[in-house]
file my_file31.txt (compact mmCIF, C-alpha atoms)
# COMPACT_ATOMS: atom_id res chain seq x y z
CA MET A 1 65.97 43.26 125.73
CA SER A 2 67.86 44.77 122.81
CA ARG A 3 65.00 47.16 122.11
CA ILE A 4 64.92 48.21 125.76
CA ARG A 5 68.64 48.98 125.63
CA GLN A 6 68.17 50.96 122.41
CA GLN A 7 65.23 52.96 123.79
CA PRO A 8 65.63 53.20 127.58
CA LEU A 9 63.39 56.27 127.80
CA ALA A 10 60.55 54.28 126.25
CA ALA A 11 60.95 51.60 128.93
CA ILE A 12 60.92 54.29 131.63
CA GLY A 13 57.77 55.83 130.10
CA VAL A 14 55.97 52.48 129.98
CA CYS A 15 56.92 51.70 133.59
CA LEU A 16 55.76 55.11 134.81
CA LEU A 17 52.49 54.88 132.89
CA ALA A 18 51.90 51.36 134.25
CA LEU A 19 52.48 52.71 137.76
CA PHE A 20 49.93 55.49 137.27
CA LEU A 21 47.41 53.09 135.71
CA PHE A 22 47.85 50.71 138.63
CA SER A 23 47.42 53.58 141.10
CA ALA A 24 44.29 54.83 139.34
CA LEU A 25 42.63 51.42 139.05
CA PHE A 26 43.37 50.27 142.58
CA ALA A 27 43.26 53.60 144.42
CA PRO A 28 40.48 52.50 146.82
CA TRP A 29 42.66 49.59 147.99
CA LEU A 30 46.03 51.36 147.85
CA ALA A 31 44.99 54.59 149.56
CA PRO A 32 45.68 54.35 153.31
CA GLN A 33 42.86 56.78 154.15
CA ASP A 34 39.79 58.43 152.70
CA PRO A 35 41.13 61.28 150.51
CA ALA A 36 38.36 63.60 151.70
CA ALA A 37 38.61 62.77 155.43
CA LEU A 38 39.45 65.81 157.54
CA ASP A 39 41.73 65.79 160.58
CA LEU A 40 42.22 69.35 161.76
CA HIS A 41 44.37 68.16 164.67
CA GLY A 42 46.84 66.60 162.22
CA ARG A 43 47.09 69.37 159.65
CA LEU A 44 50.35 70.25 157.87
CA VAL A 45 52.14 67.18 159.18
CA GLY A 46 55.27 66.26 157.24
CA PRO A 47 55.96 62.80 155.81
CA ASN A 48 56.05 60.18 158.54
CA ALA A 49 55.16 56.53 159.16
CA ALA A 50 51.43 57.29 159.45
CA HIS A 51 51.29 59.66 156.45
CA TRP A 52 53.98 58.82 153.91
CA PHE A 53 53.39 62.02 151.92
CA GLY A 54 52.26 64.10 154.91
CA THR A 55 48.95 65.93 155.30
CA ASP A 56 47.55 69.16 153.88
CA GLU A 57 46.06 72.22 155.56
CA LEU A 58 42.87 70.30 156.39
CA GLY A 59 44.63 67.21 157.65
CA ARG A 60 43.84 65.12 154.55
CA ASP A 61 46.32 62.41 153.61
CA ILE A 62 48.33 63.58 150.58
CA LEU A 63 49.26 60.06 149.47
CA SER A 64 45.59 59.09 149.25
CA ARG A 65 44.75 62.26 147.36
CA THR A 66 47.66 61.73 144.97
CA LEU A 67 46.50 58.20 144.18
CA TYR A 68 42.94 59.34 143.53
CA GLY A 69 44.25 62.28 141.50
CA ALA A 70 45.75 59.80 139.05
CA ARG A 71 42.22 58.62 138.27
CA ILE A 72 41.05 62.07 137.27
CA SER A 73 44.13 62.87 135.22
CA LEU A 74 44.04 59.63 133.23
CA ILE A 75 40.28 59.80 132.66
CA VAL A 76 40.63 63.35 131.37
CA ALA A 77 43.61 62.42 129.18
CA VAL A 78 41.89 59.45 127.53
CA CYS A 79 38.53 61.16 127.05
CA VAL A 80 39.99 64.44 125.77
CA VAL A 81 42.26 62.72 123.26
CA GLY A 82 39.47 60.38 122.14
CA LEU A 83 36.97 63.18 121.62
CA SER A 84 39.51 65.52 120.01
CA LEU A 85 40.70 62.76 117.71
CA ALA A 86 37.14 61.90 116.68
CA LEU A 87 36.31 65.53 115.85
CA GLY A 88 39.62 66.09 114.10
CA LEU A 89 39.30 62.86 112.14
CA VAL A 90 35.90 63.78 110.73
CA ALA A 91 36.81 67.38 109.91
CA GLY A 92 40.23 66.50 108.51
CA CYS A 93 38.94 63.64 106.35
CA VAL A 94 36.14 65.73 104.87
CA ALA A 95 38.41 68.72 104.18
CA GLY A 96 41.32 66.69 102.79
CA PHE A 97 39.31 64.19 100.76
CA TYR A 98 36.85 66.53 99.03
CA GLY A 99 38.91 69.73 98.83
CA GLY A 100 37.43 72.74 97.05
CA TRP A 101 35.11 75.06 98.93
CA ILE A 102 34.61 72.48 101.70
CA ASP A 103 38.34 72.47 102.41
CA THR A 104 38.43 76.26 102.23
CA PHE A 105 35.58 76.63 104.70
CA ILE A 106 36.86 74.06 107.22
CA ASN A 107 40.58 74.83 106.95
CA ILE A 108 40.63 78.59 106.39
CA TYR A 109 37.62 79.74 108.37
CA VAL A 110 36.78 77.16 111.04
CA MET A 111 40.27 75.92 111.96
CA ASN A 112 41.87 79.34 111.82
CA ALA A 113 39.09 80.75 113.99
CA PHE A 114 39.95 78.21 116.70
CA LEU A 115 43.70 78.71 116.21
CA ALA A 116 43.28 82.47 116.64
CA LEU A 117 42.50 81.88 120.32
CA PRO A 118 44.99 80.18 122.64
CA GLY A 119 43.65 76.75 123.51
CA ILE A 120 43.92 77.12 127.28
CA LEU A 121 42.11 80.48 127.19
CA LEU A 122 39.31 78.95 125.14
CA ALA A 123 39.04 76.11 127.66
CA ILE A 124 39.03 78.58 130.57
CA ALA A 125 36.25 80.61 128.93
CA PHE A 126 34.14 77.50 128.31
CA VAL A 127 34.53 76.13 131.84
CA ALA A 128 33.91 79.56 133.34
CA PHE A 129 30.66 79.78 131.36
CA MET A 130 29.47 76.18 131.91
CA GLY A 131 30.83 75.75 135.42
CA PRO A 132 33.50 73.41 136.81
CA GLY A 133 33.04 69.68 136.52
CA LEU A 134 34.69 66.60 135.05
CA TRP A 135 32.75 66.46 131.80
CA ASN A 136 32.81 70.23 131.30
CA VAL A 137 36.61 70.09 131.59
CA ILE A 138 36.77 67.23 129.09
CA ILE A 139 34.53 69.02 126.57
CA ALA A 140 36.41 72.30 127.01
CA LEU A 141 39.80 70.71 126.39
CA ALA A 142 38.47 68.69 123.44
CA ILE A 143 37.01 71.81 121.82
CA SER A 144 40.32 73.60 122.18
CA GLY A 145 42.43 70.64 121.01
CA TRP A 146 40.69 69.09 118.01
CA VAL A 147 42.24 71.49 115.46
CA GLY A 148 45.72 69.98 115.73
CA TYR A 149 44.37 66.54 114.89
CA ALA A 150 42.24 67.93 112.06
CA ARG A 151 45.25 69.66 110.48
CA LEU A 152 47.30 66.47 110.72
CA VAL A 153 44.52 64.30 109.26
CA ARG A 154 43.86 66.75 106.46
CA GLY A 155 47.49 66.75 105.34
CA GLN A 156 47.76 62.97 105.51
CA VAL A 157 44.50 62.43 103.61
CA MET A 158 45.52 64.86 100.87
CA ALA A 159 48.74 62.89 100.37
CA VAL A 160 47.19 59.42 100.48
CA LYS A 161 44.17 60.11 98.27
CA GLU A 162 46.46 60.65 95.27
CA ARG A 163 48.08 57.22 95.62
CA GLU A 164 47.56 54.56 92.96
CA PHE A 165 45.63 52.12 95.15
CA VAL A 166 43.07 54.83 95.98
CA GLU A 167 42.64 55.66 92.30
CA ALA A 168 42.23 51.93 91.55
CA ALA A 169 39.53 51.59 94.21
CA ARG A 170 37.73 54.64 92.82
CA ALA A 171 37.93 53.20 89.30
CA LEU A 172 36.35 49.96 90.54
CA GLY A 173 33.36 51.94 91.79
CA ALA A 174 34.11 52.03 95.52
CA SER A 175 32.13 54.62 97.46
CA ASP A 176 33.79 57.54 99.20
CA LEU A 177 33.04 56.02 102.60
CA ARG A 178 34.62 52.70 101.62
CA ILE A 179 37.70 54.43 100.21
CA LEU A 180 38.13 56.44 103.40
CA SER A 181 37.55 53.55 105.78
CA ARG A 182 39.37 50.77 103.90
CA HIS A 183 42.15 52.54 102.02
CA VAL A 184 42.84 55.99 103.47
CA LEU A 185 42.44 55.63 107.24
CA PRO A 186 44.67 52.53 107.66
CA ASN A 187 47.49 54.44 105.96
CA ILE A 188 47.32 57.52 108.19
CA LEU A 189 47.07 55.82 111.60
CA GLN A 190 50.77 55.95 112.46
CA PRO A 191 51.13 59.73 112.88
CA LEU A 192 47.74 59.86 114.63
CA ILE A 193 48.87 57.33 117.25
CA VAL A 194 52.01 59.35 117.95
CA GLN A 195 50.04 62.60 118.14
CA ALA A 196 47.50 61.00 120.48
CA ALA A 197 50.22 59.81 122.88
CA ILE A 198 51.75 63.27 123.07
CA GLY A 199 48.28 64.82 123.26
CA MET A 200 47.58 62.90 126.46
CA ALA A 201 50.53 64.63 128.12
CA THR A 202 49.09 67.97 127.04
CA ALA A 203 45.66 67.01 128.39
CA VAL A 204 47.11 66.06 131.80
CA MET A 205 48.90 69.40 132.02
CA ALA A 206 45.82 71.35 130.86
CA GLU A 207 43.57 69.64 133.42
CA ALA A 208 46.06 70.42 136.17
CA THR A 209 46.15 74.04 135.00
CA LEU A 210 42.36 74.39 135.06
CA SER A 211 42.16 72.75 138.49
CA PHE A 212 44.94 75.02 139.78
CA LEU A 213 42.87 78.01 138.65
CA GLY A 214 39.78 76.65 140.40
CA LEU A 215 38.02 75.78 137.13
CA GLY A 216 38.62 72.03 137.12
CA ILE A 217 37.15 69.26 139.22
CA PRO A 218 35.29 70.79 142.18
CA PRO A 219 36.20 69.75 145.74
CA PRO A 220 36.25 67.47 147.61
CA ALA A 221 37.46 65.41 144.62
CA ALA A 222 41.24 65.04 144.62
CA SER A 223 43.02 66.59 141.65
CA TRP A 224 46.72 67.27 141.29
CA GLY A 225 46.07 70.82 140.12
CA SER A 226 43.76 71.66 143.01
CA MET A 227 46.28 70.14 145.43
CA LEU A 228 48.92 72.51 144.07
CA ASN A 229 46.50 75.41 144.42
CA ASP A 230 45.86 74.50 148.05
CA ALA A 231 49.60 74.34 148.68
CA ARG A 232 50.44 77.83 147.40
CA SER A 233 50.12 79.50 150.78
CA HIS A 234 52.25 76.79 152.44
CA LEU A 235 55.06 76.68 149.91
CA PHE A 236 57.81 77.45 152.45
CA ASP A 237 56.45 76.10 155.74
CA SER A 238 55.09 72.80 154.25
CA PRO A 239 56.87 72.17 150.95
CA HIS A 240 55.74 68.52 150.90
CA MET A 241 52.28 69.77 149.91
CA VAL A 242 53.76 71.07 146.65
CA PHE A 243 56.41 68.44 146.03
CA PHE A 244 54.32 65.27 145.73
CA PRO A 245 51.48 66.47 143.45
CA ALA A 246 54.01 68.40 141.33
CA MET A 247 56.12 65.25 140.93
CA ALA A 248 53.00 63.29 139.99
CA VAL A 249 52.13 65.78 137.22
CA MET A 250 55.72 65.89 135.98
CA LEU A 251 56.19 62.11 135.88
CA CYS A 252 52.82 61.50 134.23
CA VAL A 253 53.55 64.06 131.51
CA LEU A 254 57.04 62.64 131.04
CA SER A 255 55.70 59.10 130.65
CA PHE A 256 53.38 60.11 127.80
CA ASN A 257 56.11 62.16 126.13
CA PHE A 258 58.62 59.31 126.35
CA ILE A 259 56.08 56.87 124.89
CA GLY A 260 55.14 59.31 122.13
CA ASP A 261 58.78 59.84 121.15
CA ALA A 262 59.38 56.09 121.16
CA LEU A 263 56.34 55.47 118.96
CA ARG A 264 57.47 58.15 116.55
CA ASP A 265 60.92 56.57 116.26
CA TYR A 266 59.50 53.07 115.95
CA MET A 267 57.01 54.01 113.22
CA ASP A 268 59.49 56.04 111.17
CA PRO A 269 61.37 53.62 108.87
CA ARG A 270 64.36 55.94 108.54
CA THR A 271 64.77 56.23 112.29
CA ARG A 272 64.37 52.48 112.73
CA LEU A 273 67.16 51.83 110.23
CA ARG A 274 69.42 54.40 111.87
CA VAL A 275 69.06 53.03 115.41
CA GLY A 276 68.80 49.42 114.31
CA ILE A 277 65.30 48.68 115.58
call {"tool": "encode", "arguments": {"input": "my_file31.txt", "output": "structure tokens"}}
result
Amino acid sequence: MSRIRQQPLAAIGVCLLALFLFSALFAPWLAPQDPAALDLHGRLVGPNAAHWFGTDELGRDILSRTLYGARISLIVAVCVVGLSLALGLVAGCVAGFYGGWIDTFINIYVMNAFLALPGILLAIAFVAFMGPGLWNVIIALAISGWVGYARLVRGQVMAVKEREFVEAARALGASDLRILSRHVLPNILQPLIVQAAIGMATAVMAEATLSFLGLGIPPPAASWGSMLNDARSHLFDSPHMVFFPAMAVMLCVLSFNFIGDALRDYMDPRTRLRVGI
């Protein structure tokens, strides 16, 4: 309880994330209606007892679509961060551990080439070329997001590889793979965990952006971004169409940011001493 009082935002983030996870896992049982079912006679109905979040321009239940949209957002967040982290971990470890021309090639040429293009534009170009779809969105966002993890891993590896315990392992004849897996990686996990938590918030926002532009998950699948796109023309006459998916995106992003900030404070010894954790 003392930790909850010291970090109330972390508790809020965990509760919100648990709510979205629960909604995503049990959407078929929680959703009152089929998210793709059309009811043209009940279109643009405001929140009422039959439709708690109202209906959209095709009469689809917004609550059901919001619940199913949590599935897509969380799947994209986990897969994008996992794939980006895997790519960044390999590139960063190789560049930071071996240095020399390998580091120059990966850091100066490859990473800077990706950083020269805004990540969302690179993702838009990839999805526009490959076509919309869940896995195309995941690959596009991972390709545009792995550089941040690679830069972080490279810096951490360069610092850790000069430590005495790494030199001792090398003197005992340990292979490069064993040194990386047993001595380097365990000592660089803390900043990676924090970066991954914050990266999930970025992935949720990026997926919503692509879906809003019509380059995300194709219909009739429910996505928060596509729901916002459908609501543009009804912003003033049916504001509930915008409010609920926008709140879902905002709260999901906030939950990951709160958890990421809490992890950063918890894993930083100086911050822990200052706040008494």
call {"tool": "closest_atom_pairs", "arguments": {"input": "my_file31.txt", "of": "segment 118-226 of chain A", "to": "segment 24-48 of chain A", "cutoff": "12 Å", "atoms": "all atoms listed in the file", "output": "Markdown table"}}
result
| residue | atom | partner | partner_atom | distance |
| --- | --- | --- | --- | --- |
| A:Pro219 | CA | A:Ala36 | CA | 8.8 |
| A:Pro220 | CA | A:Ala36 | CA | 6.0 |
| A:Ala221 | CA | A:Ala36 | CA | 7.4 |
| A:Ala222 | CA | A:Pro35 | CA | 7.0 |
| A:Ser223 | CA | A:Pro35 | CA | 10.5 |
call {"tool": "residues_around", "arguments": {"input": "my_file31.txt", "residues": "Val137 of chain A", "least_positions_apart": "2", "cutoff": "9 Å", "atoms": "all atoms listed in the file", "output": "JSON, numbers by chain"}}
result
{"A": [76, 80, 123, 124, 126, 127, 131, 132, 133, 134, 135, 139, 140, 141, 142, 207, 210, 215, 216, 217]}
call {"tool": "residues_around", "arguments": {"input": "my_file31.txt", "residues": "segment 84-94 of chain A", "least_positions_apart": "3", "cutoff": "9 Å", "atoms": "only C-alpha atoms", "output": "VMD selection string"}}
result
chain A and resid 79 to 81 97 to 99 102 to 103 106 to 107 139 141 to 158 180 185 192 196
call {"tool": "atom_distance", "arguments": {"input": "my_file31.txt", "atom1": "atom CA of Ala208 of chain A", "atom2": "atom CA of Ala262 of chain A"}}
result
24.7 Å
call {"tool": "atom_distance", "arguments": {"input": "my_file31.txt", "atom1": "atom CA of Phe256 of chain A", "atom2": "atom CA of Met200 of chain A"}}
result
6.6 Å
call {"tool": "atom_distance", "arguments": {"input": "my_file31.txt", "atom1": "atom CA of Ile188 of chain A", "atom2": "atom CA of Tyr109 of chain A"}}
result
24.2 Å
call {"tool": "closest_residue", "arguments": {"input": "my_file31.txt", "among": "A:Leu254, A:Asp176, A:Arg264, A:Gly82", "to": "Leu9 of chain A", "atoms": "all atoms listed in the file"}}
result
A:Leu254
call {"tool": "residues_around", "arguments": {"input": "my_file31.txt", "residues": "Val204 of chain A", "least_positions_apart": "5", "cutoff": "7 Å", "atoms": "only C-alpha atoms", "output": "PyMOL selection string"}}
result
chain A and resi 73+77+253
call {"tool": "axis_aligned_box", "arguments": {"input": "my_file31.txt", "around": "segment 155-159 of chain A", "padding_each_side": "5 Å", "output": "lines of an AutoDock Vina configuration file"}}
result
center_x = 46.6
center_y = 64.6
center_z = 102.9
size_x = 14.2
size_y = 14.3
size_z = 15.1
call {"tool": "build_atoms", "arguments": {"input": "my_file31.txt", "residues": "segment 151-162 of chain A", "atoms": "all heavy atoms", "output": "PDB file, in the frame of the given file"}}
result
ATOM      1  N   ARG A 151      44.195  69.222 111.410  1.00  0.00           N
ATOM      2  CA  ARG A 151      45.250  69.660 110.480  1.00  0.00           C
ATOM      3  C   ARG A 151      46.121  68.470 110.062  1.00  0.00           C
ATOM      4  O   ARG A 151      46.485  68.328 108.891  1.00  0.00           O
ATOM      5  CB  ARG A 151      46.101  70.740 111.134  1.00  0.00           C
ATOM      6  CG  ARG A 151      45.465  72.126 111.114  1.00  0.00           C
ATOM      7  CD  ARG A 151      45.728  72.784 109.775  1.00  0.00           C
ATOM      8  NE  ARG A 151      45.060  74.053 109.628  1.00  0.00           N
ATOM      9  CZ  ARG A 151      45.606  75.223 109.904  1.00  0.00           C
ATOM     10  NH1 ARG A 151      46.837  75.275 110.385  1.00  0.00           N
ATOM     11  NH2 ARG A 151      44.943  76.332 109.698  1.00  0.00           N
ATOM     12  N   LEU A 152      46.474  67.637 111.027  1.00  0.00           N
ATOM     13  CA  LEU A 152      47.300  66.470 110.720  1.00  0.00           C
ATOM     14  C   LEU A 152      46.569  65.503 109.794  1.00  0.00           C
ATOM     15  O   LEU A 152      47.140  65.023 108.798  1.00  0.00           O
ATOM     16  CB  LEU A 152      47.690  65.764 112.018  1.00  0.00           C
ATOM     17  CG  LEU A 152      48.497  64.470 111.894  1.00  0.00           C
ATOM     18  CD1 LEU A 152      49.828  64.724 111.199  1.00  0.00           C
ATOM     19  CD2 LEU A 152      48.714  63.837 113.265  1.00  0.00           C
ATOM     20  N   VAL A 153      45.306  65.216 110.097  1.00  0.00           N
ATOM     21  CA  VAL A 153      44.520  64.300 109.260  1.00  0.00           C
ATOM     22  C   VAL A 153      44.339  64.864 107.867  1.00  0.00           C
ATOM     23  O   VAL A 153      44.471  64.131 106.872  1.00  0.00           O
ATOM     24  CB  VAL A 153      43.161  64.015 109.928  1.00  0.00           C
ATOM     25  CG1 VAL A 153      42.249  63.239 108.982  1.00  0.00           C
ATOM     26  CG2 VAL A 153      43.342  63.240 111.225  1.00  0.00           C
ATOM     27  N   ARG A 154      44.060  66.133 107.770  1.00  0.00           N
ATOM     28  CA  ARG A 154      43.860  66.750 106.460  1.00  0.00           C
ATOM     29  C   ARG A 154      45.102  66.585 105.584  1.00  0.00           C
ATOM     30  O   ARG A 154      45.007  66.204 104.403  1.00  0.00           O
ATOM     31  CB  ARG A 154      43.539  68.235 106.621  1.00  0.00           C
ATOM     32  CG  ARG A 154      43.482  69.022 105.309  1.00  0.00           C
ATOM     33  CD  ARG A 154      43.205  70.496 105.569  1.00  0.00           C
ATOM     34  NE  ARG A 154      43.301  71.259 104.337  1.00  0.00           N
ATOM     35  CZ  ARG A 154      44.413  71.811 103.880  1.00  0.00           C
ATOM     36  NH1 ARG A 154      45.559  71.654 104.570  1.00  0.00           N
ATOM     37  NH2 ARG A 154      44.420  72.492 102.758  1.00  0.00           N
ATOM     38  N   GLY A 155      46.265  66.872 106.126  1.00  0.00           N
ATOM     39  CA  GLY A 155      47.490  66.750 105.340  1.00  0.00           C
ATOM     40  C   GLY A 155      47.763  65.315 104.924  1.00  0.00           C
ATOM     41  O   GLY A 155      48.167  65.057 103.775  1.00  0.00           O
ATOM     42  N   GLN A 156      47.522  64.379 105.834  1.00  0.00           N
ATOM     43  CA  GLN A 156      47.760  62.970 105.510  1.00  0.00           C
ATOM     44  C   GLN A 156      46.773  62.472 104.451  1.00  0.00           C
ATOM     45  O   GLN A 156      47.152  61.721 103.542  1.00  0.00           O
ATOM     46  CB  GLN A 156      47.646  62.118 106.778  1.00  0.00           C
ATOM     47  CG  GLN A 156      48.719  62.393 107.807  1.00  0.00           C
ATOM     48  CD  GLN A 156      50.093  61.962 107.352  1.00  0.00           C
ATOM     49  OE1 GLN A 156      50.255  60.926 106.722  1.00  0.00           O
ATOM     50  NE2 GLN A 156      51.101  62.768 107.667  1.00  0.00           N
ATOM     51  N   VAL A 157      45.514  62.867 104.577  1.00  0.00           N
ATOM     52  CA  VAL A 157      44.500  62.430 103.610  1.00  0.00           C
ATOM     53  C   VAL A 157      44.792  63.000 102.226  1.00  0.00           C
ATOM     54  O   VAL A 157      44.661  62.296 101.212  1.00  0.00           O
ATOM     55  CB  VAL A 157      43.090  62.838 104.091  1.00  0.00           C
ATOM     56  CG1 VAL A 157      42.051  62.619 102.984  1.00  0.00           C
ATOM     57  CG2 VAL A 157      42.702  62.045 105.325  1.00  0.00           C
ATOM     58  N   MET A 158      45.206  64.249 102.167  1.00  0.00           N
ATOM     59  CA  MET A 158      45.520  64.860 100.870  1.00  0.00           C
ATOM     60  C   MET A 158      46.673  64.136 100.183  1.00  0.00           C
ATOM     61  O   MET A 158      46.712  64.036  98.951  1.00  0.00           O
ATOM     62  CB  MET A 158      45.856  66.338 101.059  1.00  0.00           C
ATOM     63  CG  MET A 158      44.670  67.190 101.476  1.00  0.00           C
ATOM     64  SD  MET A 158      45.088  68.932 101.676  1.00  0.00           S
ATOM     65  CE  MET A 158      45.423  69.395  99.984  1.00  0.00           C
ATOM     66  N   ALA A 159      47.621  63.622 100.959  1.00  0.00           N
ATOM     67  CA  ALA A 159      48.740  62.890 100.370  1.00  0.00           C
ATOM     68  C   ALA A 159      48.337  61.490  99.939  1.00  0.00           C
ATOM     69  O   ALA A 159      48.731  61.011  98.873  1.00  0.00           O
ATOM     70  CB  ALA A 159      49.897  62.838 101.361  1.00  0.00           C
ATOM     71  N   VAL A 160      47.533  60.807 100.753  1.00  0.00           N
ATOM     72  CA  VAL A 160      47.190  59.420 100.480  1.00  0.00           C
ATOM     73  C   VAL A 160      46.162  59.297  99.357  1.00  0.00           C
ATOM     74  O   VAL A 160      46.201  58.337  98.574  1.00  0.00           O
ATOM     75  CB  VAL A 160      46.682  58.732 101.768  1.00  0.00           C
ATOM     76  CG1 VAL A 160      46.133  57.341 101.478  1.00  0.00           C
ATOM     77  CG2 VAL A 160      47.797  58.657 102.791  1.00  0.00           C
ATOM     78  N   LYS A 161      45.244  60.249  99.258  1.00  0.00           N
ATOM     79  CA  LYS A 161      44.170  60.110  98.270  1.00  0.00           C
ATOM     80  C   LYS A 161      44.673  60.151  96.834  1.00  0.00           C
ATOM     81  O   LYS A 161      43.936  59.775  95.910  1.00  0.00           O
ATOM     82  CB  LYS A 161      43.109  61.201  98.477  1.00  0.00           C
ATOM     83  CG  LYS A 161      43.514  62.584  98.019  1.00  0.00           C
ATOM     84  CD  LYS A 161      42.363  63.545  98.126  1.00  0.00           C
ATOM     85  CE  LYS A 161      42.719  64.923  97.567  1.00  0.00           C
ATOM     86  NZ  LYS A 161      41.581  65.858  97.612  1.00  0.00           N
ATOM     87  N   GLU A 162      45.895  60.622  96.614  1.00  0.00           N
ATOM     88  CA  GLU A 162      46.460  60.650  95.270  1.00  0.00           C
ATOM     89  C   GLU A 162      47.251  59.387  94.937  1.00  0.00           C
ATOM     90  O   GLU A 162      47.759  59.274  93.824  1.00  0.00           O
ATOM     91  CB  GLU A 162      47.384  61.873  95.129  1.00  0.00           C
ATOM     92  CG  GLU A 162      46.729  63.212  95.440  1.00  0.00           C
ATOM     93  CD  GLU A 162      45.587  63.529  94.489  1.00  0.00           C
ATOM     94  OE1 GLU A 162      45.616  63.016  93.342  1.00  0.00           O
ATOM     95  OE2 GLU A 162      44.673  64.277  94.886  1.00  0.00           O
TER      96      GLU A 162
END
